[in-house]
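Take a look at the structure set out below.
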Amino acid sequence: MKTIVFIIQKEFRQIFRNKAMLPILFVLPFVQLLILSNAASFEVKNIRFSYIDQDHSKASRELISKFQASDYFNIIENFASKKEANLQMQKGKTDVILEIPNHFERNLLTDKKTNLSVSINAIDGAAAGIENVYISQIINSFNQNIKSQLYQYNDASYIQPQSIISIPSFWYNNTLNYKTLMVPGILVLLVTMLSLFLSAMNIVREKEIGTLEQINVTPIQKHQFIIGKLFPFWILGLVILTVGLLIAKLVFNIPILGNIGLIYLFTSVYLLVVLGIGLLVSNYTETQQQAMFIAWFFMVIFILMSGLFTPIESMPDWAQKITLVNPISYFVEIIRMVMLKGAVFSDIAKPFSIIACYAFVINSLAVWSYKKTN
Amino acid sequence: MSQEKIIAVKNLSKKFGNFIAVNDISFDVYKGEIFGFLGANGAGKTTAMKMLIGISKPSSGEALVADFDVNFQAEMVKKNIGYMSQKFSMYDDLTIKENITFFGGIYGLSRNQIKEKTTQLISDLGLENEVNKLVGDLPLGWKQKLSFSVALLHEPKIVFLDEPTGGVDPITRRQFWEMIYAEAHKGTTIFVTTHYMDEAEYCDRVSIMVEGKIEALDSPKNLKQQYNVTSMNEVFLKLARNIE
């Protein structure tokens with residue numbers, strides 16, 4: 001125990017003597033949360049919308065005005081011809097072209113049926129899909145209006161149109177605020193990334209400068225060295241979490257419905273997994289450069305398969321199985337559940353116990369693979 | 001000098017794949033002597049030494065260091081030895097005092113013992129004004145002397161020095177050897193590798209390793225007689241040349 005205290009003392013001295021460390025701990029989380037939470041949004045806004053109105057009727061103007069009224073569309077231009085519109089699409093000046101054909105209103109009133117042509121720039125497929133949904137919604141609501149008008153003209157005894165309107169109620173994030181979803185997730189990334197990199201680099205660095213050999217010649221026990229080495233980074237991980245939670249609350253006003261102690265409890269076990277991975281990486285690498293590459297390899301897979309940017313439910317089966325060994329996916333799930341949904345311990349008991357087992361396995365492997373004697 | 005064995009090496013070998021770095025060496029080191037472990041670059045000195053200090057497992061053979069078997073009691077060996085590597089291995093970003101505290105601590109010294117040792121060590125080396133300076137800012141010669149003193153903090157029975165004077169000036173080398181003598185005088189066994197043949201002359205006995213084997217082992221005086229030359233330098237050249 002006494003030996004461990006000496007190691008921890010030495011580690012903290014070195015960490016705080018490193019001039020880059022304080023900015024890493026306090027400025028980095030702030031900048032990342034601020035930039036990423038505002039920028040990394042899946043909402044499609046400011047869609048550049050243009051149209052070709054060949055009908056010039058009351059109905060066509062009504063339809064256009066519905067697009068004008070929407071927050072999502074910016075009307076760019078009214079093109080005279082399809083050819084001109086296509087040219088602008090090719091130049092990337094417009095995202096959507098709506099073509100209203102000749103006799104649009106007349107066909108609508110007489111045949112009760114007509115066609116519209118919509119062209120969408122689908123270089124970003126995901127955005128195009130969302131734009132399509134917005135456009136369909138607007139045209140649908142336009143349809144509803146026309147229908148009811150038509151029925152008013154005709155036989156009053158005719159059965160009134162049935163229109164079913166769904167009114168969604170969004171639970172846990174009722175304003176559908178993107179930041180509410182992203183800030184906890186980005187906080188998870190920050191905590192993971194910093195603790196993984198700092199711990200992996202730290203031990204490999206001692207290998208590089210030769211002090212690890214000196215340590216291995218001392219009678220120090222493996223567990224003493226490892227606990228002494230990792231404990232400071234465990235503390236740093238919790239500090240970063242605290243800084244991040246403060247920013248989330250004070251800057252973004254993200255609700256924290258659940259017990260904050262639960263987040264700390266989970267994070268303290270979760271950090272053991274991350275630090276164990278860091279130690280494992282450093283055991284199998286000889287230089288900081290190698291360690292960095294390997295740590296990045298894991299980090300990229302963990303991030304992209306964490307459910308932070310794409311929902312795990314929409315991944316193929318085999319990919320969903322991979323996410324089961326991704327610690328970040330558990331953390332993302334739990335921090336969102338606790339912060340946004342107010343989950344209590346029994347709600348997160350299962351992922352919590354998985355992470356606890358994970359921590360045990362990873363650290364056993366790491367301790368086993370750390371060799372004082374070659 | 002007593003004839004009590006403190007290191008007993010028997011048929012020790014280390015192989016890396018097909019390459020035999022240390023080939024069946026056997027020798028004894030006696031308590032309190034300064035034992036010079038010589039050899040050309042790549043002769044296997046460092047590999048042999050790493051086996052003796054318990055950080056490299058022998059492929060075959062055995063060695064007792066301070067009465068403990070390096071094969072099975074490596075951690076007990078480590079308690080009883082000090083080691084100074086050819087690569088400077090203290091923490092550049094810690095001060096002299098902090099380095100002493102750390103290494104004292106991991107050898108199990110108490111805070112009070114560390115305090116006493118620090119005061120004594122600092123005054124012996126005359127570093128009173130530098131005690132709170134970062135080790136990285138010290139000149140190499142001072143670092144080496146400091147390193148040696150730190151290797152002795154826990155009063156080991158044997159201290160292993162791997163090319164301790166590489167790259168330092170002649171005056172510092174002389175001072176360094178004075179420190180070695182003083183320590184040997186207290187009864188500590190010194191096991192030292194070097195490439196400086198004048199330093200080999202200071203040793204009680206020297207062994208010369210050539211291509212993984214020990215080709216000669218005796219006092220410098222006897223070796224010079226045996227090869228009929230006047231300096232250790234010539235002994236070394238004769239041995240190394242014979243092989244080539």
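FYI, nothing fancy with the structure tokens labels: chains A, B, ... in order, residues from 1 per chain, ligands from 1 as they appear.
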
Give the residues of chain B that lie within 6 Å of chain A; count only C-alpha atoms, and format the answer as a count of residues only.
-> 10

With 8 Å as the cut-off and only C-alpha atoms counted, what is the closest atom pair between each nearby residue of stretch 67-89 of chain B and stretch 146-163 of chain B? Distances in Å to one decimal, ordered by chain and number, as a Markdown table.
| residue | atom | partner | partner_atom | distance |
| --- | --- | --- | --- | --- |
| B:Lys79 | CA | B:Pro156 | CA | 7.4 |
| B:Asn80 | CA | B:Pro156 | CA | 4.9 |
| B:Ile81 | CA | B:Pro156 | CA | 4.7 |
| B:Gly82 | CA | B:Val159 | CA | 4.4 |
| B:Tyr83 | CA | B:Phe160 | CA | 4.7 |
| B:Met84 | CA | B:Leu161 | CA | 5.0 |
| B:Ser85 | CA | B:Asp162 | CA | 5.0 |
| B:Gln86 | CA | B:Asp162 | CA | 5.1 |
| B:Phe88 | CA | B:Ser147 | CA | 7.6 |
| B:Ser89 | CA | B:Ser147 | CA | 7.7 |

Just the residues within 12 Å of B:Leu138, please, counting only C-alpha atoms, with nothing from its chain fewer than 2 positions along; format it as a list in words.
->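 So, after excluding close chain neighbours, the residues are Phe88, Met90, Tyr91, Asp92, Asp93, Leu94, Thr95, Ile96, Leu127, Asn129, Glu130, Val131, Asn132, Lys133, Leu134, Val135, Gly136, Leu140, Gly141, Trp142, Lys143, Gln144, Lys145, Leu146 and Ser147 of chain B.
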
Saved selection, atoms kept: C-alpha atoms, as a short mmCIF file (atom, residue, chain, number, x, y, z; two decimals), in the first residue's frame:
data_model
loop_
_atom_site.label_atom_id
_atom_site.label_comp_id
_atom_site.auth_asym_id
_atom_site.auth_seq_id
_atom_site.Cartn_x
_atom_site.Cartn_y
_atom_site.Cartn_z
CA PHE B 88 20.19 7.04 -17.83
CA MET B 90 15.87 8.50 -13.59
CA TYR B 91 12.96 10.80 -14.29
CA ASP B 92 14.09 13.95 -16.09
CA ASP B 93 10.88 15.75 -15.16
CA LEU B 94 11.31 15.19 -11.43
CA THR B 95 13.73 17.01 -9.14
CA ILE B 96 16.69 15.29 -7.50
CA LEU B 127 24.39 18.96 -4.53
CA ASN B 129 22.04 23.92 -4.19
CA GLU B 130 20.61 21.67 -6.88
CA VAL B 131 18.34 19.52 -4.77
CA ASN B 132 15.18 21.10 -6.13
CA LYS B 133 16.37 21.26 -9.72
CA LEU B 134 14.93 18.96 -12.35
CA VAL B 135 17.25 16.04 -13.02
CA GLY B 136 16.94 16.70 -16.75
CA LEU B 140 25.64 14.04 -17.54
CA GLY B 141 28.47 13.44 -15.06
CA TRP B 142 26.30 14.55 -12.14
CA LYS B 143 23.42 12.46 -13.37
CA GLN B 144 25.62 9.36 -13.41
CA LYS B 145 26.90 9.95 -9.90
CA LEU B 146 23.36 10.57 -8.72
CA SER B 147 22.17 7.42 -10.47
#

From B:Ala48, B:Val235, B:Val77, B:Ile7, residue lying nearest B:Thr193 [only C-alpha atoms] | B:Ala48

Go through A:Ala291, A:Ile277, A:Ala127, A:Ile35 and flag the residue nearest A:Asn202, using only C-alpha atoms for the distances.
-> A:Ala291

Set the distance at 7 Å and use only C-alpha atoms: which residues neighbour A:Tyr72 once local chain neighbours fewer than 5 positions away are removed? I'd like the list as a PDB file with C-alpha atoms, in the first residue's frame.
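Contents of around_18.pdb, freshly written:
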ATOM      1  CA  LYS A  45     -32.172  22.918 -42.301  1.00  0.00           C
ATOM      2  CA  ASN A  46     -31.744  25.688 -44.847  1.00  0.00           C
ATOM      3  CA  ILE A  47     -32.661  23.431 -47.740  1.00  0.00           C
TER       4      ILE A  47
END

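With atom CA of B:Ile190 on one side and atom CA of B:Ile34 on the other, the separation reads 4.7 Å.
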
Could you tell me, as a PyMOL selection string, which residues of stretch 101-158 of chain A DSSP assigns to alpha helix (DSSP H) when given the backbone?
-> chain A and resi 104-110+125-153

Contact residues around stretch 265-271 of chain A with only C-alpha atoms at 12 Å, ignoring same-chain residues under 5 positions, as a ChimeraX atom specification = /A:187-196,199,230-242,259-260,276-278,326-335,338,344-345,348-360,362-363

Let me see the file: selected residues, C-alpha atoms, as an mmCIF file, in the first residue's frame.
data_model
loop_
_atom_site.group_PDB
_atom_site.id
_atom_site.type_symbol
_atom_site.label_atom_id
_atom_site.label_comp_id
_atom_site.auth_asym_id
_atom_site.auth_seq_id
_atom_site.Cartn_x
_atom_site.Cartn_y
_atom_site.Cartn_z
ATOM 1 C CA LEU A 187 -19.004 13.891 -22.994
ATOM 2 C CA VAL A 188 -18.686 10.102 -23.064
ATOM 3 C CA LEU A 189 -16.238 10.313 -25.975
ATOM 4 C CA LEU A 190 -14.141 12.894 -24.209
ATOM 5 C CA VAL A 191 -13.851 10.920 -21.007
ATOM 6 C CA THR A 192 -13.006 7.747 -22.923
ATOM 7 C CA MET A 193 -10.553 9.263 -25.356
ATOM 8 C CA LEU A 194 -8.532 11.232 -22.842
ATOM 9 C CA SER A 195 -8.238 8.422 -20.315
ATOM 10 C CA LEU A 196 -7.381 5.840 -22.970
ATOM 11 C CA SER A 199 -2.841 5.943 -19.874
ATOM 12 C CA LEU A 230 -3.624 3.873 -13.386
ATOM 13 C CA PHE A 231 -5.122 5.494 -10.298
ATOM 14 C CA PRO A 232 -4.081 9.047 -11.280
ATOM 15 C CA PHE A 233 -5.742 8.604 -14.681
ATOM 16 C CA TRP A 234 -8.840 7.229 -13.034
ATOM 17 C CA ILE A 235 -9.019 10.455 -11.032
ATOM 18 C CA LEU A 236 -8.374 12.527 -14.160
ATOM 19 C CA GLY A 237 -11.209 10.722 -15.952
ATOM 20 C CA LEU A 238 -13.597 11.668 -13.162
ATOM 21 C CA VAL A 239 -12.330 15.262 -13.252
ATOM 22 C CA ILE A 240 -13.036 15.457 -16.983
ATOM 23 C CA LEU A 241 -16.506 14.041 -16.379
ATOM 24 C CA THR A 242 -17.140 16.701 -13.764
ATOM 25 C CA ASN A 259 -29.243 10.758 -9.792
ATOM 26 C CA ILE A 260 -25.871 12.218 -10.675
ATOM 27 C CA GLY A 276 -7.286 -1.603 -18.707
ATOM 28 C CA ILE A 277 -7.417 -1.306 -22.491
ATOM 29 C CA GLY A 278 -4.803 1.447 -22.297
ATOM 30 C CA ASN A 326 -18.012 -1.843 -27.246
ATOM 31 C CA PRO A 327 -17.754 -0.193 -23.826
ATOM 32 C CA ILE A 328 -18.675 3.207 -25.264
ATOM 33 C CA SER A 329 -22.073 1.961 -26.402
ATOM 34 C CA TYR A 330 -22.963 1.037 -22.816
ATOM 35 C CA PHE A 331 -21.798 4.366 -21.509
ATOM 36 C CA VAL A 332 -23.715 6.328 -24.168
ATOM 37 C CA GLU A 333 -26.844 4.345 -23.375
ATOM 38 C CA ILE A 334 -26.537 4.773 -19.641
ATOM 39 C CA ILE A 335 -25.622 8.437 -19.541
ATOM 40 C CA VAL A 338 -29.846 8.679 -16.451
ATOM 41 C CA VAL A 344 -32.634 4.547 -11.433
ATOM 42 C CA PHE A 345 -30.137 1.847 -10.574
ATOM 43 C CA ILE A 348 -29.145 0.229 -15.562
ATOM 44 C CA ALA A 349 -28.283 -2.833 -13.466
ATOM 45 C CA LYS A 350 -27.768 -5.044 -16.504
ATOM 46 C CA PRO A 351 -25.360 -2.847 -18.508
ATOM 47 C CA PHE A 352 -23.675 -1.942 -15.232
ATOM 48 C CA SER A 353 -22.924 -5.558 -14.398
ATOM 49 C CA ILE A 354 -21.722 -6.185 -17.952
ATOM 50 C CA ILE A 355 -19.266 -3.311 -17.654
ATOM 51 C CA ALA A 356 -18.128 -4.566 -14.252
ATOM 52 C CA CYS A 357 -17.356 -8.019 -15.701
ATOM 53 C CA TYR A 358 -15.687 -6.346 -18.654
ATOM 54 C CA ALA A 359 -13.459 -4.374 -16.287
ATOM 55 C CA PHE A 360 -12.501 -7.541 -14.464
ATOM 56 C CA ILE A 362 -9.682 -6.650 -19.306
ATOM 57 C CA ASN A 363 -7.663 -5.874 -16.215
#

Interatomic distance (Å, one decimal) between atom CA of A:Leu365 and atom CA of B:Asp69 |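 Between atom CA of A:Leu365 and atom CA of B:Asp69 the gap is 27.5 Å.
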
Hey, can you check how far atom CA of B:Ser13 sits from atom CA of B:Asp67?
-> 19.4 Å

Among stretch 41-139 of chain B, which ones does DSSP place in strand (DSSP E or B), written as a PDB file with C-alpha atoms, in the first residue's frame?
ATOM      1  CA  SER B  60      19.059 -22.921 -19.617  1.00  0.00           C
ATOM      2  CA  GLY B  61      21.475 -23.131 -16.734  1.00  0.00           C
ATOM      3  CA  GLU B  62      21.239 -21.544 -13.335  1.00  0.00           C
ATOM      4  CA  ALA B  63      22.559 -18.614 -11.363  1.00  0.00           C
ATOM      5  CA  LEU B  64      22.447 -17.778  -7.682  1.00  0.00           C
ATOM      6  CA  VAL B  65      22.601 -14.079  -6.904  1.00  0.00           C
ATOM      7  CA  PHE B  68      18.577 -16.533  -4.590  1.00  0.00           C
ATOM      8  CA  ASP B  69      17.918 -18.417  -7.803  1.00  0.00           C
ATOM      9  CA  ILE B  81      20.659  -5.810  -5.733  1.00  0.00           C
ATOM     10  CA  GLY B  82      21.028  -2.325  -7.109  1.00  0.00           C
ATOM     11  CA  TYR B  83      21.185  -1.609 -10.821  1.00  0.00           C
ATOM     12  CA  MET B  84      22.361   1.302 -12.903  1.00  0.00           C
ATOM     13  CA  THR B  95      13.729  17.011  -9.145  1.00  0.00           C
ATOM     14  CA  LEU B 134      14.933  18.956 -12.351  1.00  0.00           C
TER      15      LEU B 134
END

Give me the residues within 8 Å of B:Leu223 as number ranges by chain, counting only C-alpha atoms and dropping any in the same chain fewer than 6 places off.
-> B: 216-217, 232, 235
